[in-house]
Structure formats: structure tokens, C-alpha cells
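S.K.: My file is upload05.txt. It has compact mmCIF, N, CA and C atoms:
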# COMPACT_ATOMS: atom_id res chain seq x y z
N MET A 234 86.16 192.35 -111.66
CA MET A 234 87.27 192.63 -110.75
C MET A 234 87.49 194.14 -110.67
N LYS A 235 87.70 194.63 -109.46
CA LYS A 235 87.90 196.06 -109.23
C LYS A 235 89.29 196.49 -109.71
N THR A 236 89.34 197.61 -110.40
CA THR A 236 90.62 198.16 -110.86
C THR A 236 91.39 198.74 -109.67
N THR A 237 92.68 198.47 -109.63
CA THR A 237 93.54 199.04 -108.59
C THR A 237 94.60 199.92 -109.26
N TYR A 238 95.17 200.78 -108.46
CA TYR A 238 96.14 201.75 -108.98
C TYR A 238 97.37 201.75 -108.08
N LEU A 239 98.49 201.27 -108.63
CA LEU A 239 99.73 201.22 -107.87
C LEU A 239 100.85 202.01 -108.51
N ASP A 240 100.81 202.18 -109.82
CA ASP A 240 101.90 202.86 -110.53
C ASP A 240 101.32 203.89 -111.49
N VAL A 241 102.10 204.91 -111.74
CA VAL A 241 101.70 205.95 -112.68
C VAL A 241 101.77 205.39 -114.11
N THR A 242 100.82 205.79 -114.93
CA THR A 242 100.89 205.44 -116.35
C THR A 242 101.67 206.55 -117.06
N GLN A 243 102.11 206.26 -118.26
CA GLN A 243 102.84 207.26 -119.05
C GLN A 243 101.95 208.47 -119.30
N GLU A 244 100.68 208.24 -119.59
CA GLU A 244 99.76 209.34 -119.86
C GLU A 244 99.55 210.21 -118.62
N GLN A 245 99.39 209.57 -117.45
CA GLN A 245 99.21 210.33 -116.22
C GLN A 245 100.45 211.13 -115.87
N GLY A 246 101.62 210.55 -116.05
CA GLY A 246 102.86 211.25 -115.79
C GLY A 246 103.02 212.47 -116.68
N LYS A 247 102.69 212.30 -117.94
CA LYS A 247 102.78 213.42 -118.89
C LYS A 247 101.79 214.51 -118.51
N ALA A 248 100.56 214.14 -118.17
CA ALA A 248 99.53 215.12 -117.79
C ALA A 248 99.96 215.89 -116.54
N PHE A 249 100.54 215.18 -115.57
CA PHE A 249 101.03 215.83 -114.35
C PHE A 249 102.11 216.86 -114.70
N PHE A 250 103.07 216.47 -115.51
CA PHE A 250 104.15 217.38 -115.90
C PHE A 250 103.60 218.57 -116.69
N MET A 251 102.61 218.32 -117.55
CA MET A 251 102.06 219.38 -118.40
C MET A 251 101.20 220.39 -117.62
N ARG A 252 100.83 220.05 -116.39
CA ARG A 252 100.11 221.02 -115.56
C ARG A 252 100.97 222.25 -115.28
N GLN A 253 102.28 222.07 -115.39
CA GLN A 253 103.24 223.15 -115.17
C GLN A 253 103.03 223.86 -113.83
N ILE A 254 102.93 223.06 -112.79
CA ILE A 254 102.79 223.59 -111.44
C ILE A 254 104.07 224.33 -111.08
N LYS A 255 103.93 225.55 -110.65
CA LYS A 255 105.08 226.37 -110.24
C LYS A 255 105.19 226.32 -108.72
N GLY A 256 106.40 226.16 -108.22
CA GLY A 256 106.61 226.14 -106.78
C GLY A 256 106.30 224.77 -106.18
N PRO A 257 106.10 224.74 -104.87
CA PRO A 257 105.90 223.46 -104.18
C PRO A 257 104.63 222.73 -104.65
N VAL A 258 104.69 221.42 -104.51
CA VAL A 258 103.54 220.57 -104.80
C VAL A 258 103.41 219.59 -103.64
N VAL A 259 102.18 219.42 -103.16
CA VAL A 259 101.92 218.47 -102.08
C VAL A 259 101.23 217.26 -102.69
N MET A 260 101.71 216.08 -102.34
CA MET A 260 101.12 214.84 -102.84
C MET A 260 100.26 214.21 -101.74
N LEU A 261 98.97 214.04 -102.05
CA LEU A 261 98.05 213.33 -101.17
C LEU A 261 98.11 211.87 -101.53
N ASN A 262 98.52 211.04 -100.58
CA ASN A 262 98.62 209.59 -100.77
C ASN A 262 97.51 208.92 -99.99
N LEU A 263 96.70 208.11 -100.65
CA LEU A 263 95.73 207.24 -99.99
C LEU A 263 96.24 205.82 -100.19
N LEU A 264 96.34 205.06 -99.10
CA LEU A 264 97.02 203.76 -99.14
C LEU A 264 96.14 202.66 -98.56
N LYS A 265 96.07 201.54 -99.27
CA LYS A 265 95.39 200.35 -98.79
C LYS A 265 96.40 199.22 -98.79
N TYR A 266 96.63 198.64 -97.62
CA TYR A 266 97.64 197.59 -97.48
C TYR A 266 97.08 196.21 -97.83
N LYS A 267 97.97 195.37 -98.31
CA LYS A 267 97.67 193.94 -98.42
C LYS A 267 97.74 193.36 -97.02
N ASP A 268 96.97 192.31 -96.76
CA ASP A 268 97.08 191.65 -95.45
C ASP A 268 98.48 191.09 -95.26
N ILE A 269 98.98 190.41 -96.29
CA ILE A 269 100.32 189.84 -96.28
C ILE A 269 101.09 190.44 -97.47
N ALA A 270 102.25 190.99 -97.20
CA ALA A 270 103.06 191.59 -98.27
C ALA A 270 103.43 190.52 -99.30
N ASP A 271 103.42 190.93 -100.56
CA ASP A 271 103.73 190.01 -101.66
C ASP A 271 105.01 190.47 -102.36
N TYR A 272 106.09 189.74 -102.10
CA TYR A 272 107.40 190.07 -102.66
C TYR A 272 107.73 189.23 -103.89
N SER A 273 106.72 188.61 -104.50
CA SER A 273 106.99 187.71 -105.62
C SER A 273 107.64 188.42 -106.81
N THR A 274 107.38 189.71 -107.00
CA THR A 274 108.00 190.43 -108.11
C THR A 274 109.33 191.08 -107.74
N VAL A 275 109.65 191.09 -106.44
CA VAL A 275 110.91 191.68 -105.97
C VAL A 275 111.54 190.79 -104.88
N PRO A 276 111.81 189.54 -105.21
CA PRO A 276 112.31 188.62 -104.18
C PRO A 276 113.67 189.01 -103.59
N ASP A 277 114.45 189.79 -104.32
CA ASP A 277 115.78 190.17 -103.85
C ASP A 277 115.74 191.11 -102.64
N ILE A 278 114.60 191.76 -102.38
CA ILE A 278 114.50 192.64 -101.21
C ILE A 278 113.52 192.09 -100.17
N ALA A 279 113.04 190.87 -100.37
CA ALA A 279 112.07 190.28 -99.45
C ALA A 279 112.69 190.04 -98.08
N PRO A 280 111.94 190.33 -97.01
CA PRO A 280 112.42 190.01 -95.67
C PRO A 280 112.53 188.49 -95.49
N TYR A 281 113.24 188.09 -94.49
CA TYR A 281 113.45 186.66 -94.25
C TYR A 281 112.19 185.95 -93.74
N ARG A 282 111.18 186.73 -93.30
CA ARG A 282 109.94 186.14 -92.80
C ARG A 282 108.74 186.81 -93.46
N THR A 283 107.59 186.19 -93.38
CA THR A 283 106.36 186.77 -93.89
C THR A 283 106.00 187.99 -93.04
N ILE A 284 105.65 189.09 -93.71
CA ILE A 284 105.25 190.31 -93.00
C ILE A 284 103.95 190.85 -93.59
N SER A 285 103.33 191.74 -92.85
CA SER A 285 102.09 192.36 -93.32
C SER A 285 102.39 193.45 -94.34
N GLY A 286 101.36 193.87 -95.05
CA GLY A 286 101.51 195.00 -95.96
C GLY A 286 101.92 196.26 -95.22
N ALA A 287 101.36 196.47 -94.03
CA ALA A 287 101.72 197.65 -93.24
C ALA A 287 103.20 197.62 -92.86
N GLU A 288 103.72 196.45 -92.50
CA GLU A 288 105.14 196.32 -92.16
C GLU A 288 106.01 196.57 -93.39
N ALA A 289 105.59 196.06 -94.54
CA ALA A 289 106.34 196.28 -95.78
C ALA A 289 106.35 197.76 -96.14
N TYR A 290 105.22 198.45 -95.92
CA TYR A 290 105.18 199.87 -96.23
C TYR A 290 106.12 200.64 -95.30
N GLN A 291 106.23 200.21 -94.05
CA GLN A 291 107.18 200.86 -93.14
C GLN A 291 108.61 200.68 -93.63
N LEU A 292 108.92 199.50 -94.19
CA LEU A 292 110.25 199.29 -94.78
C LEU A 292 110.46 200.27 -95.95
N TYR A 293 109.41 200.48 -96.73
CA TYR A 293 109.47 201.44 -97.84
C TYR A 293 109.75 202.85 -97.31
N ILE A 294 109.03 203.25 -96.27
CA ILE A 294 109.22 204.58 -95.69
C ILE A 294 110.63 204.73 -95.14
N ASP A 295 111.10 203.71 -94.41
CA ASP A 295 112.46 203.75 -93.86
C ASP A 295 113.50 203.93 -94.96
N HIS A 296 113.29 203.25 -96.08
CA HIS A 296 114.21 203.37 -97.21
C HIS A 296 114.09 204.74 -97.88
N THR A 297 112.87 205.26 -97.98
CA THR A 297 112.58 206.44 -98.79
C THR A 297 112.89 207.77 -98.12
N LEU A 298 112.73 207.86 -96.81
CA LEU A 298 112.89 209.15 -96.12
C LEU A 298 114.21 209.86 -96.41
N PRO A 299 115.35 209.17 -96.42
CA PRO A 299 116.59 209.89 -96.76
C PRO A 299 116.58 210.50 -98.17
N PHE A 300 115.95 209.82 -99.11
CA PHE A 300 115.88 210.35 -100.48
C PHE A 300 114.94 211.55 -100.55
N LEU A 301 113.84 211.50 -99.79
CA LEU A 301 112.93 212.64 -99.73
C LEU A 301 113.66 213.86 -99.16
N LYS A 302 114.35 213.66 -98.05
CA LYS A 302 115.07 214.77 -97.42
C LYS A 302 116.12 215.34 -98.36
N GLU A 303 116.84 214.48 -99.05
CA GLU A 303 117.86 214.92 -100.00
C GLU A 303 117.24 215.76 -101.12
N ALA A 304 116.02 215.45 -101.49
CA ALA A 304 115.33 216.18 -102.56
C ALA A 304 114.65 217.45 -102.06
N GLY A 305 114.76 217.73 -100.76
CA GLY A 305 114.12 218.92 -100.20
C GLY A 305 112.64 218.71 -99.93
N SER A 306 112.22 217.47 -99.81
CA SER A 306 110.82 217.14 -99.55
C SER A 306 110.62 216.83 -98.07
N GLU A 307 109.36 216.88 -97.64
CA GLU A 307 109.07 216.56 -96.25
C GLU A 307 107.68 215.95 -96.12
N VAL A 308 107.56 215.03 -95.17
CA VAL A 308 106.25 214.45 -94.86
C VAL A 308 105.56 215.44 -93.93
N LEU A 309 104.42 215.96 -94.40
CA LEU A 309 103.66 216.93 -93.61
C LEU A 309 102.69 216.25 -92.66
N PHE A 310 102.18 215.09 -93.08
CA PHE A 310 101.17 214.40 -92.29
C PHE A 310 101.21 212.92 -92.60
N TRP A 311 101.06 212.11 -91.56
CA TRP A 311 100.97 210.66 -91.69
C TRP A 311 99.89 210.22 -90.72
N GLY A 312 98.83 209.60 -91.21
CA GLY A 312 97.77 209.22 -90.31
C GLY A 312 97.02 207.98 -90.75
N LYS A 313 96.20 207.50 -89.83
CA LYS A 313 95.36 206.33 -90.07
C LYS A 313 94.14 206.76 -90.87
N GLY A 314 93.81 205.99 -91.88
CA GLY A 314 92.64 206.27 -92.70
C GLY A 314 91.39 205.64 -92.13
N GLY A 315 90.45 205.32 -93.01
CA GLY A 315 89.18 204.72 -92.61
C GLY A 315 88.18 204.87 -93.73
N ASP A 316 86.93 204.91 -93.34
CA ASP A 316 85.85 205.08 -94.30
C ASP A 316 85.56 206.56 -94.51
N PHE A 317 85.03 206.89 -95.67
CA PHE A 317 84.67 208.26 -95.98
C PHE A 317 83.44 208.71 -95.20
N VAL A 318 83.39 209.98 -94.85
CA VAL A 318 82.17 210.60 -94.34
C VAL A 318 81.33 211.02 -95.54
N ILE A 319 82.00 211.56 -96.55
CA ILE A 319 81.38 211.88 -97.84
C ILE A 319 82.22 211.17 -98.89
N GLY A 320 81.62 210.25 -99.60
CA GLY A 320 82.36 209.51 -100.61
C GLY A 320 81.85 208.09 -100.73
N PRO A 321 82.49 207.31 -101.56
CA PRO A 321 82.03 205.94 -101.79
C PRO A 321 82.03 205.11 -100.51
N THR A 322 80.94 204.40 -100.28
CA THR A 322 80.83 203.58 -99.07
C THR A 322 81.63 202.28 -99.18
N ASP A 323 82.06 201.93 -100.39
CA ASP A 323 82.82 200.69 -100.56
C ASP A 323 84.33 200.93 -100.59
N GLU A 324 84.77 202.15 -100.29
CA GLU A 324 86.20 202.45 -100.26
C GLU A 324 86.65 202.67 -98.82
N HIS A 325 87.77 202.06 -98.48
CA HIS A 325 88.38 202.20 -97.17
C HIS A 325 89.88 202.36 -97.40
N TRP A 326 90.48 203.33 -96.75
CA TRP A 326 91.91 203.57 -96.89
C TRP A 326 92.57 203.37 -95.54
N ASP A 327 93.64 202.58 -95.52
CA ASP A 327 94.33 202.27 -94.27
C ASP A 327 95.16 203.43 -93.76
N ALA A 328 95.76 204.19 -94.67
CA ALA A 328 96.65 205.28 -94.26
C ALA A 328 96.55 206.43 -95.24
N VAL A 329 96.85 207.62 -94.74
CA VAL A 329 96.85 208.85 -95.53
C VAL A 329 98.17 209.56 -95.24
N MET A 330 98.78 210.06 -96.30
CA MET A 330 100.05 210.78 -96.12
C MET A 330 100.06 211.99 -97.05
N LEU A 331 100.58 213.10 -96.53
CA LEU A 331 100.81 214.30 -97.32
C LEU A 331 102.31 214.54 -97.36
N VAL A 332 102.86 214.62 -98.57
CA VAL A 332 104.29 214.86 -98.75
C VAL A 332 104.47 216.12 -99.60
N LYS A 333 105.21 217.07 -99.05
CA LYS A 333 105.47 218.33 -99.76
C LYS A 333 106.80 218.22 -100.48
N HIS A 334 106.76 218.52 -101.78
CA HIS A 334 107.96 218.53 -102.62
C HIS A 334 108.24 219.97 -103.05
N ALA A 335 109.51 220.32 -103.12
CA ALA A 335 109.91 221.69 -103.45
C ALA A 335 109.40 222.13 -104.82
N SER A 336 109.32 221.18 -105.75
CA SER A 336 108.85 221.50 -107.09
C SER A 336 108.55 220.19 -107.82
N VAL A 337 107.86 220.29 -108.92
CA VAL A 337 107.60 219.12 -109.76
C VAL A 337 108.92 218.52 -110.24
N GLU A 338 109.85 219.37 -110.63
CA GLU A 338 111.14 218.90 -111.13
C GLU A 338 111.90 218.11 -110.05
N ARG A 339 111.88 218.61 -108.81
CA ARG A 339 112.56 217.91 -107.72
C ARG A 339 111.84 216.59 -107.41
N PHE A 340 110.51 216.59 -107.48
CA PHE A 340 109.76 215.35 -107.27
C PHE A 340 110.13 214.32 -108.34
N MET A 341 110.17 214.76 -109.60
CA MET A 341 110.48 213.84 -110.70
C MET A 341 111.90 213.27 -110.54
N ALA A 342 112.84 214.11 -110.13
CA ALA A 342 114.21 213.64 -109.92
C ALA A 342 114.24 212.60 -108.80
N PHE A 343 113.54 212.87 -107.71
CA PHE A 343 113.44 211.91 -106.61
C PHE A 343 112.86 210.58 -107.09
N ALA A 344 111.74 210.65 -107.81
CA ALA A 344 111.02 209.45 -108.23
C ALA A 344 111.81 208.60 -109.22
N GLN A 345 112.79 209.19 -109.88
CA GLN A 345 113.59 208.47 -110.88
C GLN A 345 114.99 208.12 -110.38
N ASP A 346 115.30 208.45 -109.13
CA ASP A 346 116.62 208.18 -108.57
C ASP A 346 116.85 206.66 -108.50
N PRO A 347 117.88 206.15 -109.16
CA PRO A 347 118.12 204.69 -109.17
C PRO A 347 118.30 204.08 -107.79
N GLU A 348 118.91 204.82 -106.86
CA GLU A 348 119.10 204.31 -105.50
C GLU A 348 117.77 204.22 -104.76
N TYR A 349 116.92 205.23 -104.95
CA TYR A 349 115.57 205.18 -104.36
C TYR A 349 114.81 203.98 -104.93
N LEU A 350 114.87 203.80 -106.24
CA LEU A 350 114.11 202.75 -106.91
C LEU A 350 114.50 201.35 -106.44
N LYS A 351 115.71 201.18 -105.93
CA LYS A 351 116.14 199.87 -105.42
C LYS A 351 115.28 199.38 -104.27
N GLY A 352 114.68 200.29 -103.51
CA GLY A 352 113.83 199.90 -102.38
C GLY A 352 112.35 200.11 -102.61
N ALA A 353 112.00 200.65 -103.78
CA ALA A 353 110.59 200.95 -104.06
C ALA A 353 109.73 199.69 -104.15
N GLY A 354 110.36 198.54 -104.32
CA GLY A 354 109.62 197.28 -104.36
C GLY A 354 108.89 196.98 -103.07
N HIS A 355 109.35 197.56 -101.95
CA HIS A 355 108.62 197.39 -100.69
C HIS A 355 107.22 197.98 -100.80
N ARG A 356 107.10 199.09 -101.53
CA ARG A 356 105.79 199.73 -101.74
C ARG A 356 104.89 198.80 -102.53
N THR A 357 105.42 198.25 -103.62
CA THR A 357 104.66 197.32 -104.46
C THR A 357 104.22 196.10 -103.66
N ALA A 358 105.11 195.57 -102.84
CA ALA A 358 104.79 194.40 -102.03
C ALA A 358 103.72 194.72 -100.99
N ALA A 359 103.71 195.94 -100.51
CA ALA A 359 102.84 196.35 -99.40
C ALA A 359 101.41 196.66 -99.80
N LEU A 360 101.23 197.27 -100.98
CA LEU A 360 99.95 197.90 -101.29
C LEU A 360 99.02 197.05 -102.14
N ALA A 361 97.75 197.06 -101.74
CA ALA A 361 96.69 196.46 -102.54
C ALA A 361 96.11 197.51 -103.49
N ASP A 362 96.16 198.78 -103.08
CA ASP A 362 95.62 199.86 -103.90
C ASP A 362 96.17 201.18 -103.36
N SER A 363 96.15 202.21 -104.20
CA SER A 363 96.61 203.52 -103.76
C SER A 363 96.05 204.60 -104.67
N ARG A 364 96.15 205.82 -104.20
CA ARG A 364 95.85 207.01 -104.99
C ARG A 364 96.94 208.02 -104.68
N LEU A 365 97.32 208.80 -105.68
CA LEU A 365 98.31 209.87 -105.51
C LEU A 365 97.77 211.10 -106.23
N LEU A 366 97.46 212.12 -105.46
CA LEU A 366 96.86 213.34 -106.00
C LEU A 366 97.78 214.52 -105.77
N PRO A 367 98.35 215.11 -106.85
CA PRO A 367 99.16 216.31 -106.68
C PRO A 367 98.26 217.50 -106.36
N ILE A 368 98.67 218.26 -105.36
CA ILE A 368 97.89 219.41 -104.91
C ILE A 368 98.73 220.66 -105.09
N GLU A 369 98.17 221.61 -105.79
CA GLU A 369 98.84 222.88 -106.06
C GLU A 369 98.23 223.94 -105.16
N GLN A 370 99.09 224.68 -104.45
CA GLN A 370 98.58 225.71 -103.54
C GLN A 370 97.98 226.87 -104.31
N LEU A 371 96.82 227.31 -103.85
CA LEU A 371 96.19 228.50 -104.40
C LEU A 371 96.61 229.70 -103.56
N SER A 372 96.15 230.88 -103.95
CA SER A 372 96.44 232.04 -103.12
C SER A 372 95.75 231.86 -101.77
N GLU A 373 96.04 232.72 -100.86
CA GLU A 373 95.49 232.61 -99.51
C GLU A 373 93.97 232.56 -99.53
N LEU A 374 93.42 231.75 -98.63
CA LEU A 374 91.99 231.61 -98.49
C LEU A 374 91.43 232.83 -97.79
N LYS A 375 90.39 233.40 -98.37
CA LYS A 375 89.76 234.58 -97.75
C LYS A 375 88.57 234.08 -96.94
N THR A 376 88.57 234.42 -95.65
CA THR A 376 87.52 233.95 -94.75
C THR A 376 86.44 234.97 -94.52
N GLN A 377 86.58 236.15 -95.04
CA GLN A 377 85.56 237.19 -94.84
C GLN A 377 85.10 237.74 -96.16
Could you quickly redo this structure as C-alpha cells?
M.R.:
Amino acid sequence: MKTTYLDVTQEQGKAFFMRQIKGPVVMLNLLKYKDIADYSTVPDIAPYRTISGAEAYQLYIDHTLPFLKEAGSEVLFWGKGGDFVIGPTDEHWDAVMLVKHASVERFMAFAQDPEYLKGAGHRTAALADSRLLPIEQLSELKTQ
């Protein structure tokens, strides 16, 4: 069975924090939706009808955007994924998102906000697999 990744482990969270990224951090999200959203672990927020993983993820985004804005974060890019041009031929990602956070500390506060967490189950219901890669800006790229 193929390993999937939906939640941060304690070790990964610690390693991310220990990177000591200064200033803004951009999170690259790769998302693979379930065909049908699975609310079995969060029945209290389940919609009244069966919905797709993509629809459940939209519910997650609708819930999450106010918390992102409050934390000083912004969605820089939201787009449709697909197959890699360079990369594993057996991986396909339905959506790609870039979210800029003011700092690691602000991101961590957002991710632990109890009100945000009340709707995070939509993400769990929606996704079959995901990746989250923190990106730290380097100095300006020299083209010459």
C-alpha cells in the first residue's frame, strides 16, 4: 500500500521550526482529492449530502481564508495540477497552492488556532494525499 501524507508528524514539525526561517515563508501545497469526501472521522461538520473531495476542499478554503487573512497570510497562487514533466510518472496532483505567511511564528499560531481547527476536518475529508513544502526566500536571483 502506498504511503500517504495528510498531517504533520511531531518530528517534521520540530524540524520545520528548527530551520529558524527568518521573515516570510511560502508553503507549496500539492493536493490530491478523494473522489468522494469521507467525513467518517468528523461527522459533526459533514454536509447534508455526499460531496466530492474537491467540493470538501472548497469548504475548507471557505472556512480557512478569514483565519489566513487574520494571520497576515495570503494565497499567492491556486491552480489545477496534473502530471509531472520531470518527476515520478505515477504521481498526479489535482491542485497546487502557494500560501505566503508573514513568519513561521504567525503560521504556527494560525495552524493551532482552535477556531480554525474546528473546520480543518473538511481538509481531512477532502484529501487522499498531500505535500506541504516550506519555501524560504533566497537573495535576489542574478541573471547575468
S.K.: Fewer than 6 positions away in the same chain doesn't count, so skip those; otherwise give me all residues within 8 Å of Lys255 (chain A), counting only N, CA and C atoms, as a list in words.
M.R.: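 My list of contacting residues is Ala335, Ser336, Val337, Glu369 and Gln370 of chain A.
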S.K.: Take atom N of Glu244 (chain A) and CA of Pro299 (chain A) and report the distance between them in Å, one decimal.
M.R.: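 One can read the atom N of Glu244 (chain A) to CA of Pro299 (chain A) distance as 27.9 Å.
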S.K.: Go through A:Asp268, A:Glu338, A:Asp240, A:Asp346 one by one, measure the shortest atom-to-atom distance of each to Ile254 (chain A) using all atoms listed in the file, and give the residue with the smallest value.
M.R.: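 Result for the nearest residue to Ile254 (chain A): A:Glu338.
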S.K.: With distances taken over only C-alpha atoms, which residue among A:Lys302, A:Lys333, A:His296, A:Lys313 lies nearest Glu348 (chain A)?
M.R.: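 Closest to Glu348 (chain A) of all the choices is A:His296.
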S.K.: For Ile278 (chain A), please output as a ChimeraX atom specification all residues within 8 Å (counting all atoms listed in the file; exclusion window: fewer than 6 positions along the same chain).
M.R.: /A:272,351-352,354-355
S.K.: Restricting the calculation to only C-alpha atoms, which member of A:Ala342, A:Leu360, A:Tyr349, A:Glu307 is positioned closest to Pro257 (chain A)?
M.R.: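 Checking each candidate against Pro257 (chain A), we get A:Glu307 as the closest.
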S.K.: Quick one: distance from atom C of Arg282 (chain A) to atom C of Asp327 (chain A) in Å, one decimal?
M.R.: 21.5 Å
S.K.: As an mmCIF file with N, CA and C atoms, in the coordinates of the input, list the residues of region 249-359 of chain A assigned to strand (DSSP E) by DSSP on the backbone atoms of this structure.
M.R.:
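Heads up, here's the output in out_7.cif:
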data_model
loop_
_atom_site.group_PDB
_atom_site.id
_atom_site.type_symbol
_atom_site.label_atom_id
_atom_site.label_comp_id
_atom_site.auth_asym_id
_atom_site.auth_seq_id
_atom_site.Cartn_x
_atom_site.Cartn_y
_atom_site.Cartn_z
ATOM 1 N N VAL A 258 104.690 221.420 -104.510
ATOM 2 C CA VAL A 258 103.540 220.570 -104.800
ATOM 3 C C VAL A 258 103.410 219.590 -103.640
ATOM 4 N N VAL A 259 102.180 219.420 -103.160
ATOM 5 C CA VAL A 259 101.920 218.470 -102.080
ATOM 6 C C VAL A 259 101.230 217.260 -102.690
ATOM 7 N N MET A 260 101.710 216.080 -102.340
ATOM 8 C CA MET A 260 101.120 214.840 -102.840
ATOM 9 C C MET A 260 100.260 214.210 -101.740
ATOM 10 N N LEU A 261 98.970 214.040 -102.050
ATOM 11 C CA LEU A 261 98.050 213.330 -101.170
ATOM 12 C C LEU A 261 98.110 211.870 -101.530
ATOM 13 N N ASN A 262 98.520 211.040 -100.580
ATOM 14 C CA ASN A 262 98.620 209.590 -100.770
ATOM 15 C C ASN A 262 97.510 208.920 -99.990
ATOM 16 N N LEU A 263 96.700 208.110 -100.650
ATOM 17 C CA LEU A 263 95.730 207.240 -99.990
ATOM 18 C C LEU A 263 96.240 205.820 -100.190
ATOM 19 N N LEU A 264 96.340 205.060 -99.100
ATOM 20 C CA LEU A 264 97.020 203.760 -99.140
ATOM 21 C C LEU A 264 96.140 202.660 -98.560
ATOM 22 N N LYS A 265 96.070 201.540 -99.270
ATOM 23 C CA LYS A 265 95.390 200.350 -98.790
ATOM 24 C C LYS A 265 96.400 199.220 -98.790
ATOM 25 N N TYR A 266 96.630 198.640 -97.620
ATOM 26 C CA TYR A 266 97.640 197.590 -97.480
ATOM 27 C C TYR A 266 97.080 196.210 -97.830
ATOM 28 N N GLU A 307 109.360 216.880 -97.640
ATOM 29 C CA GLU A 307 109.070 216.560 -96.250
ATOM 30 C C GLU A 307 107.680 215.950 -96.120
ATOM 31 N N VAL A 308 107.560 215.030 -95.170
ATOM 32 C CA VAL A 308 106.250 214.450 -94.860
ATOM 33 C C VAL A 308 105.560 215.440 -93.930
ATOM 34 N N LEU A 309 104.420 215.960 -94.400
ATOM 35 C CA LEU A 309 103.660 216.930 -93.610
ATOM 36 C C LEU A 309 102.690 216.250 -92.660
ATOM 37 N N PHE A 310 102.180 215.090 -93.080
ATOM 38 C CA PHE A 310 101.170 214.400 -92.290
ATOM 39 C C PHE A 310 101.210 212.920 -92.600
ATOM 40 N N TRP A 311 101.060 212.110 -91.560
ATOM 41 C CA TRP A 311 100.970 210.660 -91.690
ATOM 42 C C TRP A 311 99.890 210.220 -90.720
ATOM 43 N N GLY A 312 98.830 209.600 -91.210
ATOM 44 C CA GLY A 312 97.770 209.220 -90.310
ATOM 45 C C GLY A 312 97.020 207.980 -90.750
ATOM 46 N N LYS A 313 96.200 207.500 -89.830
ATOM 47 C CA LYS A 313 95.360 206.330 -90.070
ATOM 48 C C LYS A 313 94.140 206.760 -90.870
ATOM 49 N N GLY A 314 93.810 205.990 -91.880
ATOM 50 C CA GLY A 314 92.640 206.270 -92.700
ATOM 51 C C GLY A 314 91.390 205.640 -92.130
ATOM 52 N N GLY A 315 90.450 205.320 -93.010
ATOM 53 C CA GLY A 315 89.180 204.720 -92.610
ATOM 54 C C GLY A 315 88.180 204.870 -93.730
ATOM 55 N N ASP A 316 86.930 204.910 -93.340
ATOM 56 C CA ASP A 316 85.850 205.080 -94.300
ATOM 57 C C ASP A 316 85.560 206.560 -94.510
ATOM 58 N N HIS A 325 87.770 202.060 -98.480
ATOM 59 C CA HIS A 325 88.380 202.200 -97.170
ATOM 60 C C HIS A 325 89.880 202.360 -97.400
ATOM 61 N N TRP A 326 90.480 203.330 -96.750
ATOM 62 C CA TRP A 326 91.910 203.570 -96.890
ATOM 63 C C TRP A 326 92.570 203.370 -95.540
ATOM 64 N N ASP A 327 93.640 202.580 -95.520
ATOM 65 C CA ASP A 327 94.330 202.270 -94.270
ATOM 66 C C ASP A 327 95.160 203.430 -93.760
ATOM 67 N N ALA A 328 95.760 204.190 -94.670
ATOM 68 C CA ALA A 328 96.650 205.280 -94.260
ATOM 69 C C ALA A 328 96.550 206.430 -95.240
ATOM 70 N N VAL A 329 96.850 207.620 -94.740
ATOM 71 C CA VAL A 329 96.850 208.850 -95.530
ATOM 72 C C VAL A 329 98.170 209.560 -95.240
ATOM 73 N N MET A 330 98.780 210.060 -96.300
ATOM 74 C CA MET A 330 100.050 210.780 -96.120
ATOM 75 C C MET A 330 100.060 211.990 -97.050
ATOM 76 N N LEU A 331 100.580 213.100 -96.530
ATOM 77 C CA LEU A 331 100.810 214.300 -97.320
ATOM 78 C C LEU A 331 102.310 214.540 -97.360
ATOM 79 N N VAL A 332 102.860 214.620 -98.570
ATOM 80 C CA VAL A 332 104.290 214.860 -98.750
ATOM 81 C C VAL A 332 104.470 216.120 -99.600
ATOM 82 N N LYS A 333 105.210 217.070 -99.050
ATOM 83 C CA LYS A 333 105.470 218.330 -99.760
ATOM 84 C C LYS A 333 106.800 218.220 -100.480
ATOM 85 N N HIS A 334 106.760 218.520 -101.780
ATOM 86 C CA HIS A 334 107.960 218.530 -102.620
ATOM 87 C C HIS A 334 108.240 219.970 -103.050
#
S.K.: Considering only N, CA and C atoms, can you say which of A:Gly314, A:Val241, A:Ser372, A:Phe340 comes closest to Trp326 (chain A)?
M.R.: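 Using only N, CA and C atoms, the shortest distance to Trp326 (chain A) belongs to A:Gly314.
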